[in-house]
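Below is data-v3.tsv, which holds TSV, C-alpha atoms.
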```tsv
chain	number	residue	atom	x	y	z
A	1	MET	CA	21.66	15.66	7.25
A	2	ILE	CA	23.26	19.03	7.76
A	3	ILE	CA	26.99	18.22	7.62
A	4	ASP	CA	29.85	19.58	5.61
A	5	ASP	CA	30.98	16.20	4.34
A	6	GLU	CA	31.18	12.54	5.24
A	7	ARG	CA	34.39	13.04	7.21
A	8	ASP	CA	32.64	15.47	9.56
A	9	LEU	CA	29.98	12.88	10.34
A	10	HIS	CA	32.60	10.19	10.97
A	11	GLU	CA	34.40	12.48	13.39
A	12	ARG	CA	31.15	13.25	15.22
A	13	LEU	CA	30.26	9.59	15.56
A	14	ALA	CA	33.75	8.49	16.54
A	15	GLU	CA	33.69	11.08	19.29
A	16	ALA	CA	30.39	9.71	20.60
A	17	PHE	CA	30.91	6.00	20.10
A	18	GLY	CA	34.43	5.65	21.46
A	19	ALA	CA	35.73	2.24	20.55
A	20	ILE	CA	33.48	1.88	17.49
A	21	SER	CA	35.17	2.74	14.21
A	22	PRO	CA	32.57	4.19	11.84
A	23	HIS	CA	32.54	3.09	8.24
A	24	PRO	CA	30.98	4.81	5.24
A	25	ALA	CA	27.21	4.80	5.45
A	26	PRO	CA	25.94	1.30	4.56
A	27	VAL	CA	23.04	2.78	2.64
A	28	ASP	CA	22.74	-0.09	0.13
A	29	ASP	CA	22.93	-2.69	2.88
A	30	THR	CA	20.34	-0.80	4.90
A	31	VAL	CA	18.02	-0.72	1.89
A	32	ARG	CA	18.42	-4.46	1.41
A	33	ARG	CA	17.50	-5.05	5.07
A	34	GLY	CA	14.27	-3.13	4.70
A	35	ARG	CA	15.06	0.55	5.11
A	36	ALA	CA	13.45	0.26	8.53
A	37	ILE	CA	10.16	2.11	8.84
A	38	LYS	CA	8.34	4.90	7.11
A	39	ARG	CA	5.13	6.57	8.21
A	40	ARG	CA	2.45	7.08	5.60
A	41	ARG	CA	-0.60	9.28	5.77
A	42	ARG	CA	-3.77	7.40	4.89
A	43	ALA	CA	-7.12	9.04	4.24
A	44	ILE	CA	-9.85	7.62	6.44
A	45	VAL	CA	-13.40	7.81	5.12
A	46	ALA	CA	-16.44	6.98	7.23
A	47	ILE	CA	-19.12	4.66	5.86
A	48	GLY	CA	-22.09	6.40	7.44
A	49	VAL	CA	-25.73	5.45	7.65
A	50	SER	CA	-26.74	8.33	5.40
A	51	VAL	CA	-23.75	10.38	4.22
A	52	VAL	CA	-20.03	10.04	3.65
A	53	ALA	CA	-17.98	11.98	6.19
A	54	ALA	CA	-14.29	12.66	5.64
A	55	ALA	CA	-12.45	11.88	8.83
A	56	ALA	CA	-9.04	13.19	9.85
A	57	ALA	CA	-5.96	11.59	8.35
A	58	VAL	CA	-4.18	9.17	10.63
A	59	ALA	CA	-0.45	8.55	10.64
A	60	VAL	CA	-0.03	4.88	9.81
A	61	PRO	CA	3.40	3.30	10.14
A	62	SER	CA	4.24	1.00	7.23
A	63	LEU	CA	6.78	-1.81	7.38
A	64	LEU	CA	8.72	-2.10	4.14
A	65	ARG	CA	9.26	-5.69	3.03
A	66	PRO	CA	12.80	-6.79	4.02
A	67	ALA	CA	14.83	-9.06	1.81
A	68	ALA	CA	16.02	-10.97	4.87
A	69	ALA	CA	14.11	-10.40	8.09
A	70	PRO	CA	16.03	-10.59	11.40
A	71	VAL	CA	15.52	-13.78	13.39
A	72	PRO	CA	12.79	-13.14	16.00
A	73	ALA	CA	13.62	-13.69	19.64
A	74	SER	CA	12.05	-16.84	21.02
A	75	PRO	CA	9.28	-16.07	23.55
A	76	GLY	CA	11.05	-18.33	26.05
A	77	LYS	CA	14.52	-16.92	25.44
A	78	SER	CA	15.84	-14.67	28.18
A	79	TYR	CA	17.49	-11.35	27.43
A	80	THR	CA	18.69	-8.30	29.33
A	81	VAL	CA	18.24	-4.70	28.24
A	82	THR	CA	19.54	-1.48	29.76
A	83	VAL	CA	19.00	2.16	28.82
A	84	GLN	CA	20.78	5.29	30.02
A	85	THR	CA	20.27	9.00	29.53
A	86	PRO	CA	23.29	10.57	27.82
A	87	ALA	CA	25.72	12.15	30.24
A	88	SER	CA	26.53	15.84	30.22
A	89	GLY	CA	28.69	16.76	27.24
A	90	ALA	CA	27.50	13.83	25.12
A	91	GLN	CA	27.33	13.85	21.33
A	92	PRO	CA	24.88	16.51	20.05
A	93	GLY	CA	21.56	14.88	19.24
A	94	GLU	CA	22.27	11.79	21.32
A	95	ILE	CA	18.96	10.51	22.71
A	96	ALA	CA	19.91	7.36	24.60
A	97	THR	CA	22.55	4.67	25.05
A	98	GLY	CA	22.34	1.19	26.50
A	99	THR	CA	22.96	-2.51	26.09
A	100	ILE	CA	21.25	-5.66	24.83
A	101	ASN	CA	22.71	-8.79	26.42
A	102	GLY	CA	25.79	-6.78	27.33
A	103	GLN	CA	26.37	-5.36	23.84
A	104	ARG	CA	26.31	-1.60	23.42
A	105	TRP	CA	24.00	0.58	21.30
A	106	TRP	CA	23.60	4.32	20.67
A	107	ILE	CA	20.68	6.28	19.21
A	108	VAL	CA	21.37	9.76	17.84
A	109	ALA	CA	19.10	12.24	16.04
A	110	ASP	CA	20.63	14.44	13.37
A	111	ARG	CA	19.48	17.99	12.72
A	112	PRO	CA	16.19	18.15	10.81
A	113	GLY	CA	16.89	19.06	7.20
A	114	ASP	CA	16.27	18.52	3.54
A	115	ASP	CA	19.67	18.11	1.95
A	116	GLY	CA	19.00	14.57	0.73
A	117	THR	CA	22.05	13.12	2.47
A	118	ASN	CA	21.77	9.37	3.11
A	119	GLY	CA	18.08	9.29	2.25
A	120	ALA	CA	16.93	12.21	4.37
A	121	ALA	CA	13.92	13.94	2.82
A	122	ALA	CA	11.61	16.84	3.38
A	123	GLY	CA	9.88	16.62	6.75
A	124	LYS	CA	12.31	13.98	7.98
A	125	GLN	CA	15.52	13.76	9.93
A	126	GLY	CA	18.19	11.12	10.26
A	127	ILE	CA	18.12	8.70	13.18
A	128	ILE	CA	21.54	7.11	13.63
A	129	THR	CA	21.67	3.68	15.25
A	130	ALA	CA	25.08	2.32	16.14
A	131	GLY	CA	26.78	-0.46	18.03
A	132	PRO	CA	27.01	-4.25	17.88
A	133	ALA	CA	23.68	-4.63	19.73
A	134	VAL	CA	21.80	-3.20	16.74
A	135	GLY	CA	23.77	-5.19	14.20
A	136	ALA	CA	25.99	-2.30	13.09
A	137	ILE	CA	29.74	-2.30	13.62
A	138	GLY	CA	29.75	1.28	12.40
A	139	TRP	CA	26.49	3.11	11.91
A	140	THR	CA	23.29	3.09	9.91
A	141	VAL	CA	20.95	5.92	9.06
A	142	THR	CA	17.19	5.83	8.81
A	143	ALA	CA	15.04	8.77	7.68
A	144	VAL	CA	11.98	9.07	9.91
A	145	PRO	CA	9.42	11.85	10.37
A	146	VAL	CA	10.85	14.78	12.27
A	147	LEU	CA	10.43	14.14	15.97
A	148	SER	CA	7.20	15.84	16.93
A	149	THR	CA	4.16	15.38	19.16
A	150	ALA	CA	1.93	17.45	16.85
A	151	ASP	CA	0.09	14.42	15.44
A	152	SER	CA	0.40	12.13	18.45
A	153	PRO	CA	-2.79	10.85	20.12
A	154	GLY	CA	-0.96	10.78	23.44
A	155	PRO	CA	1.96	12.12	25.47
A	156	VAL	CA	4.62	10.20	23.49
A	157	SER	CA	4.87	9.75	19.71
A	158	PHE	CA	6.87	6.56	19.14
A	159	THR	CA	8.28	5.52	15.76
A	160	ALA	CA	9.46	1.92	15.32
A	161	ILE	CA	12.69	1.16	13.47
A	162	THR	CA	14.17	-2.24	12.69
A	163	SER	CA	17.95	-2.24	12.79
A	164	GLY	CA	19.59	-5.58	12.15
A	165	ALA	CA	19.16	-7.72	15.26
A	166	ALA	CA	17.22	-5.09	17.21
A	167	GLN	CA	14.01	-3.11	17.36
A	168	VAL	CA	14.46	0.58	18.10
A	169	GLN	CA	11.69	2.84	19.40
A	170	VAL	CA	12.28	6.59	19.23
A	171	GLY	CA	9.80	9.35	19.88
A	172	ALA	CA	9.06	12.89	20.94
A	173	VAL	CA	7.41	13.57	24.29
A	174	ARG	CA	5.14	16.36	25.46
A	175	ALA	CA	6.36	19.10	27.75
A	176	ASP	CA	4.42	17.72	30.75
A	177	VAL	CA	6.08	14.28	30.60
A	178	SER	CA	8.72	13.79	33.30
A	179	TYR	CA	9.60	10.19	32.44
A	180	VAL	CA	8.27	7.09	30.67
A	181	MET	CA	8.21	3.55	32.06
A	182	VAL	CA	8.33	0.75	29.46
A	183	ARG	CA	7.52	-2.81	30.56
A	184	LEU	CA	8.86	-5.51	28.25
A	185	GLY	CA	7.47	-8.95	27.52
A	186	ASN	CA	10.02	-10.62	29.81
A	187	GLY	CA	8.87	-8.51	32.75
A	188	SER	CA	11.80	-6.09	32.86
A	189	VAL	CA	11.11	-2.36	33.07
A	190	LEU	CA	12.98	0.47	31.37
A	191	THR	CA	12.86	4.05	32.67
A	192	LEU	CA	13.20	6.66	29.92
A	193	HIS	CA	14.12	10.24	30.81
A	194	PRO	CA	13.54	12.77	28.01
A	195	VAL	CA	16.47	14.71	26.60
A	196	THR	CA	16.24	17.78	24.39
A	197	VAL	CA	17.59	17.33	20.86
A	198	TYR	CA	17.38	20.25	18.45
A	199	GLY	CA	14.48	21.81	20.34
A	200	THR	CA	12.46	18.60	20.83
A	201	ARG	CA	12.25	16.46	23.96
A	202	ALA	CA	12.79	12.82	23.00
A	203	VAL	CA	13.21	9.30	24.37
A	204	ALA	CA	14.51	6.10	22.77
A	205	PHE	CA	15.36	2.50	23.57
A	206	ALA	CA	16.41	-0.71	21.82
A	207	ILE	CA	15.36	-4.32	22.42
A	208	PRO	CA	16.06	-7.62	20.64
A	209	ALA	CA	14.24	-8.23	17.37
A	210	GLY	CA	11.09	-10.20	18.08
A	211	ALA	CA	10.94	-9.21	21.75
A	212	GLN	CA	7.56	-7.87	22.80
A	213	ILE	CA	6.59	-4.67	24.61
A	214	ALA	CA	3.82	-5.03	27.19
A	215	GLU	CA	3.08	-1.35	27.81
A	216	ALA	CA	4.45	2.17	28.12
A	217	VAL	CA	3.31	4.52	30.87
A	218	ALA	CA	3.95	8.29	30.77
A	219	TYR	CA	4.26	10.19	34.04
A	220	SER	CA	4.22	13.88	34.89
A	221	ALA	CA	5.52	15.45	38.09
A	222	HIS	CA	2.04	14.87	39.54
A	223	GLY	CA	1.52	11.22	38.58
A	224	GLN	CA	0.44	8.97	35.74
A	225	ILE	CA	-0.70	10.65	32.52
A	226	ALA	CA	-1.59	7.77	30.20
A	227	THR	CA	-0.79	4.17	29.29
A	228	ALA	CA	-0.25	2.66	25.84
A	229	VAL	CA	-0.53	-1.05	25.15
A	230	PRO	CA	1.14	-1.50	21.75
A	231	PHE	CA	0.26	-3.96	19.03
A	232	ASN	CA	3.17	-6.39	18.74
A	233	GLN	CA	3.15	-7.52	15.13
A	234	PRO	CA	3.90	-11.27	15.02
A	235	GLY	CA	7.58	-11.58	14.23
A	236	GLY	CA	7.77	-7.82	13.67
A	237	LEU	CA	7.67	-4.48	15.45
A	238	ALA	CA	5.54	-2.93	18.19
A	239	TRP	CA	3.11	-0.17	17.18
A	240	PHE	CA	1.97	2.45	19.69
A	241	VAL	CA	-1.44	3.51	18.41
A	242	SER	CA	-3.65	4.52	21.36
A	243	TRP	CA	-3.04	6.07	24.77
A	244	LEU	CA	-5.52	5.42	27.59
A	245	ARG	CA	-6.11	7.68	30.56
A	246	PRO	CA	-5.93	6.17	34.07
A	247	GLY	CA	-9.05	4.08	34.63
A	248	GLN	CA	-10.10	4.14	30.98
A	249	HIS	CA	-11.57	0.86	29.72
A	250	GLN	CA	-9.34	-1.38	27.62
A	251	ALA	CA	-10.96	-3.03	24.62
A	252	ALA	CA	-11.04	-6.83	24.54
A	253	ARG	CA	-8.58	-8.62	22.30
A	254	ALA	CA	-9.73	-10.47	19.19
A	255	SER	CA	-8.22	-11.45	15.86
A	256	GLY	CA	-9.23	-13.16	12.65
A	257	ARG	CA	-8.28	-13.60	9.01
A	258	ILE	CA	-10.37	-11.23	6.89
A	259	ALA	CA	-9.13	-12.18	3.43
A	260	SER	CA	-6.44	-14.10	1.59
A	261	GLY	CA	-5.65	-15.27	-1.90
A	262	THR	CA	-3.13	-15.39	-4.70
A	263	ALA	CA	-2.49	-12.67	-7.28
A	264	ASP	CA	0.07	-12.88	-10.08
A	265	GLY	CA	1.54	-15.94	-8.40
A	266	THR	CA	1.98	-14.17	-5.04
A	267	ALA	CA	0.08	-15.35	-1.98
A	268	TRP	CA	-1.27	-12.66	0.35
A	269	SER	CA	-3.39	-12.41	3.48
A	270	ALA	CA	-4.87	-9.75	5.76
A	271	THR	CA	-5.68	-10.29	9.44
A	272	ALA	CA	-7.47	-7.91	11.80
A	273	TYR	CA	-6.15	-7.58	15.37
A	274	LEU	CA	-8.36	-5.77	17.89
A	275	GLY	CA	-7.33	-4.81	21.41
A	276	PRO	CA	-6.41	-1.95	23.73
A	277	TRP	CA	-4.30	-0.45	20.91
A	278	GLY	CA	-7.37	-0.13	18.64
A	279	ILE	CA	-7.40	-2.05	15.34
A	280	CYS	CA	-4.36	-3.10	13.32
A	281	ILE	CA	-4.41	-4.92	9.98
A	282	PRO	CA	-1.04	-6.23	8.80
A	283	ILE	CA	-0.68	-7.44	5.23
A	284	ILE	CA	1.41	-10.55	4.53
A	285	ASN	CA	2.52	-10.24	0.94
A	286	PRO	CA	4.27	-12.75	1.22
A	287	GLN	CA	6.28	-11.31	4.12
A	288	PRO	CA	4.99	-8.55	6.45
A	289	ALA	CA	4.65	-5.71	3.96
A	290	GLU	CA	2.31	-3.03	5.27
A	291	MET	CA	0.50	-2.12	8.47
A	292	ALA	CA	-2.67	-0.07	8.84
A	293	CYS	CA	-3.77	0.90	12.36
A	294	VAL	CA	-6.51	3.09	13.81
A	295	PRO	CA	-6.74	4.01	17.50
A	296	SER	CA	-10.42	3.11	17.63
A	297	VAL	CA	-13.37	2.75	15.29
A	298	PRO	CA	-14.81	6.22	14.69
A	299	ALA	CA	-18.59	6.30	14.56
A	300	PRO	CA	-19.90	4.83	12.43
A	301	ALA	CA	-16.89	3.09	10.76
A	302	VAL	CA	-13.95	3.53	8.43
A	303	VAL	CA	-12.50	2.32	5.16
A	304	LEU	CA	-8.73	1.99	4.99
A	305	ASP	CA	-6.45	1.80	1.97
A	306	LEU	CA	-4.12	-0.91	3.23
A	307	ASP	CA	-1.19	-1.82	0.98
A	308	GLN	CA	-1.06	1.05	-1.49
A	309	GLY	CA	1.64	0.47	-4.05
A	310	GLY	CA	2.44	-3.09	-2.93
A	311	THR	CA	2.71	-6.12	-5.21
A	312	PRO	CA	-0.05	-7.13	-5.29
A	313	GLU	CA	-1.76	-3.98	-4.06
A	314	ILE	CA	-4.32	-4.66	-1.34
A	315	ALA	CA	-7.20	-2.37	-0.32
A	316	GLY	CA	-9.98	-2.80	2.19
A	317	GLY	CA	-11.14	-1.71	5.59
A	318	ILE	CA	-13.95	-1.68	8.14
A	319	ALA	CA	-17.68	-1.41	7.45
A	320	ALA	CA	-20.41	-0.15	9.76
A	321	ALA	CA	-22.88	-2.58	11.34
A	322	SER	CA	-25.64	-1.26	9.05
A	323	VAL	CA	-23.68	-2.14	5.91
A	324	ALA	CA	-24.76	-5.43	4.32
A	325	ARG	CA	-22.80	-5.18	1.07
A	326	VAL	CA	-19.82	-3.25	-0.32
A	327	VAL	CA	-19.52	-3.19	-4.11
A	328	VAL	CA	-16.13	-2.25	-5.53
A	329	THR	CA	-15.44	-0.89	-9.01
A	330	GLN	CA	-11.83	-1.69	-9.90
A	331	PRO	CA	-9.45	0.57	-11.87
A	332	ASP	CA	-9.83	-1.82	-14.81
A	333	GLY	CA	-13.62	-1.21	-14.82
A	334	SER	CA	-14.68	-4.58	-13.37
A	335	THR	CA	-17.21	-4.62	-10.51
A	336	ALA	CA	-17.64	-7.12	-7.67
A	337	ALA	CA	-18.94	-7.29	-4.10
A	338	ALA	CA	-16.30	-7.44	-1.36
A	339	ARG	CA	-16.69	-10.28	1.13
A	340	LEU	CA	-17.51	-8.97	4.62
A	341	VAL	CA	-15.97	-10.86	7.56
A	342	THR	CA	-16.90	-10.19	11.19
A	343	VAL	CA	-14.10	-10.12	13.76
A	344	GLY	CA	-14.64	-8.93	17.32
A	345	GLY	CA	-18.03	-7.49	16.43
A	346	HIS	CA	-16.71	-5.41	13.52
A	347	LYS	CA	-17.05	-6.04	9.78
A	348	PHE	CA	-13.88	-6.12	7.68
A	349	PHE	CA	-13.02	-6.64	4.05
A	350	ALA	CA	-9.90	-6.73	1.85
A	351	PHE	CA	-9.27	-7.38	-1.82
A	352	VAL	CA	-6.64	-7.16	-4.56
A	353	VAL	CA	-6.62	-3.93	-6.57
A	354	ARG	CA	-6.51	-4.63	-10.28
A	355	PRO	CA	-4.35	-2.33	-12.40
A	356	GLY	CA	-6.09	0.22	-14.57
A	357	ALA	CA	-6.50	3.90	-15.34
A	358	ARG	CA	-9.74	4.53	-13.47
A	359	PRO	CA	-10.05	5.47	-9.79
A	360	LEU	CA	-11.00	2.73	-7.34
A	361	ARG	CA	-14.60	3.24	-6.19
A	362	TRP	CA	-16.86	1.54	-3.66
A	363	VAL	CA	-20.53	1.77	-2.76
A	364	ALA	CA	-22.01	0.54	0.55
A	365	TYR	CA	-25.59	-0.77	0.78
A	366	ASP	CA	-27.81	-1.69	3.71
A	367	SER	CA	-29.91	-4.87	3.91
A	368	ALA	CA	-32.75	-3.17	1.99
A	369	GLY	CA	-30.44	-2.33	-0.92
A	370	LYS	CA	-30.30	1.38	-0.10
A	371	VAL	CA	-27.03	3.20	-0.76
A	372	VAL	CA	-25.72	4.44	2.55
A	373	ALA	CA	-22.27	5.64	1.45
A	374	SER	CA	-19.82	5.74	-1.43
A	375	SER	CA	-16.33	6.99	-2.10
A	376	ALA	CA	-13.68	7.45	-4.76
A	377	ARG	CA	-9.96	7.08	-4.20
```
With the file now loaded, output its structure as structure tokens.
Amino acid sequence: MIIDDERDLHERLAEAFGAISPHPAPVDDTVRRGRAIKRRRRAIVAIGVSVVAAAAAVAVPSLLRPAAAPVPASPGKSYTVTVQTPASGAQPGEIATGTINGQRWWIVADRPGDDGTNGAAAGKQGIITAGPAVGAIGWTVTAVPVLSTADSPGPVSFTAITSGAAQVQVGAVRADVSYVMVRLGNGSVLTLHPVTVYGTRAVAFAIPAGAQIAEAVAYSAHGQIATAVPFNQPGGLAWFVSWLRPGQHQAARASGRIASGTADGTAWSATAYLGPWGICIPIINPQPAEMACVPSVPAPAVVLDLDQGGTPEIAGGIAAASVARVVVTQPDGSTAAARLVTVGGHKFFAFVVRPGARPLRWVAYDSAGKVVASSAR
């Protein structure tokens, strides 16, 4: 963050938060709770019927494993949420304020920078969440990608953040977006009006941890632009992956376990969830550890590196209909065929990556034994 010292930040927050008395940044405590969310670039490689085509990289949000996950809201439990646009003269960078069950929250973006303060890093900026509704009597800081619509597949680029007892969604919006309507799982609707923070138009809101989001609809001055149905990770966060134009067909929902096992005494599993969001594959390792999502299956198919750097590390992805067998050469030199599992008409696979010095490699074969694609990590 671009501040002179910690006292300056306290003064800024005290000015914005009124009755809340900020405390020194609970960085260690925030790390223990899971450091919220980071976005990771993952290379997507097509398994073609004749050649390997390098597809564009997709921003994949990854949930870091928390030491103690917040208690999810019961589906039958009622809650009330409000959101307001900051009034004139509000704290610089303030995106939104509101309440959860009558308790206040604030969401503030700090200036983009690379001074390393409180975990900020290159290409990221601090998002400050404050108030008893988000489980912070003072304030917490999370480094997220700089608010931008450059890589967004739609009119709004949401980033999910877990903050104590709440889920926070913050994102940049395109210039043609006048407002965004968010319908929650309990039927209530939030209206988000963009505000400009450090040159970027942004929206934000907070809901109870475990509460689901049904959809978000972006509107221009002339009408509806697009609708996003997010993937609500069981017991976790909501991921906005795809945006659909008015009248565009929504894919049917399907889910299924694609692989599971035990490695080094740790149980893990991977499940594919298909729907209007595209395809999402969360890894349970043993708690929700990583999330890989694609908006849709590019023709002919993709391979995803799922839980890179996890313990155990899990890799896998999606195979084209023409693929009958995927043979993997592990970093330790061992070779084995990955088990293909069909879910919702698509073939998936996942496996544990064994430690070693060699690159992970895979080869895809058709039913006649012909090599149709291969890749090296």
Show which residues sit within 7 Å of stretch 147-161 of chain A, as number ranges by chain. Count only C-alpha atoms, and ignore same-chain residues fewer than 6 positions away.
A: 36-37, 167-174, 177, 200, 218, 237-240, 242-243
Tell me which of A:Gly199, A:Pro331, A:Gly235, A:Gly223 sits closest to A:Tyr179, counting all atoms listed in the file.
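Among the listed residues, A:Gly223 lies closest to A:Tyr179.
Coordinates place atom CA of A:Thr271 at a distance of 10.3 Å from atom CA of A:Met291.
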Under the rule that only C-alpha atoms are counted, which of A:Gly278, A:Lys124, A:Gly333, A:Asn101 is the nearest residue to A:Ala357?
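Answer, going by the shortest atom-to-atom distance: A:Gly333.
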Within 10 Å of A:Asp332 using all atoms listed in the file, minus same-chain residues under 3 positions, as an MDAnalysis selection string:
chainID A and resid 329 335 353:360
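Our summary of the geometry notes that atom CA of A:Ser367 is positioned 5.2 Å from atom CA of A:Ala324.
Among A:Val343, A:Val327, A:Ala259, A:Val372, the residue with the shortest atom-to-atom distance to A:Ile279, counting only C-alpha atoms, is A:Val343.
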Taken to one decimal, the atom CA of A:Ala143-atom CA of A:Ile100 distance is 23.3 Å
Would you list the residues near (-3.0, -16.0, 1.0), meaning any protein, DNA or RNA residue with an atom at most 12 Å from that point in file coordinates, counting only C-alpha atoms, as a PyMOL selection string?
chain A and resi 257-271+283-287+312+314+350-352
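Minimum atom-to-atom distance to A:Gly210, evaluated using all atoms listed in the file, belongs to A:Ala165 out of A:Ala292, A:Ala109, A:Ala165, A:Val302.
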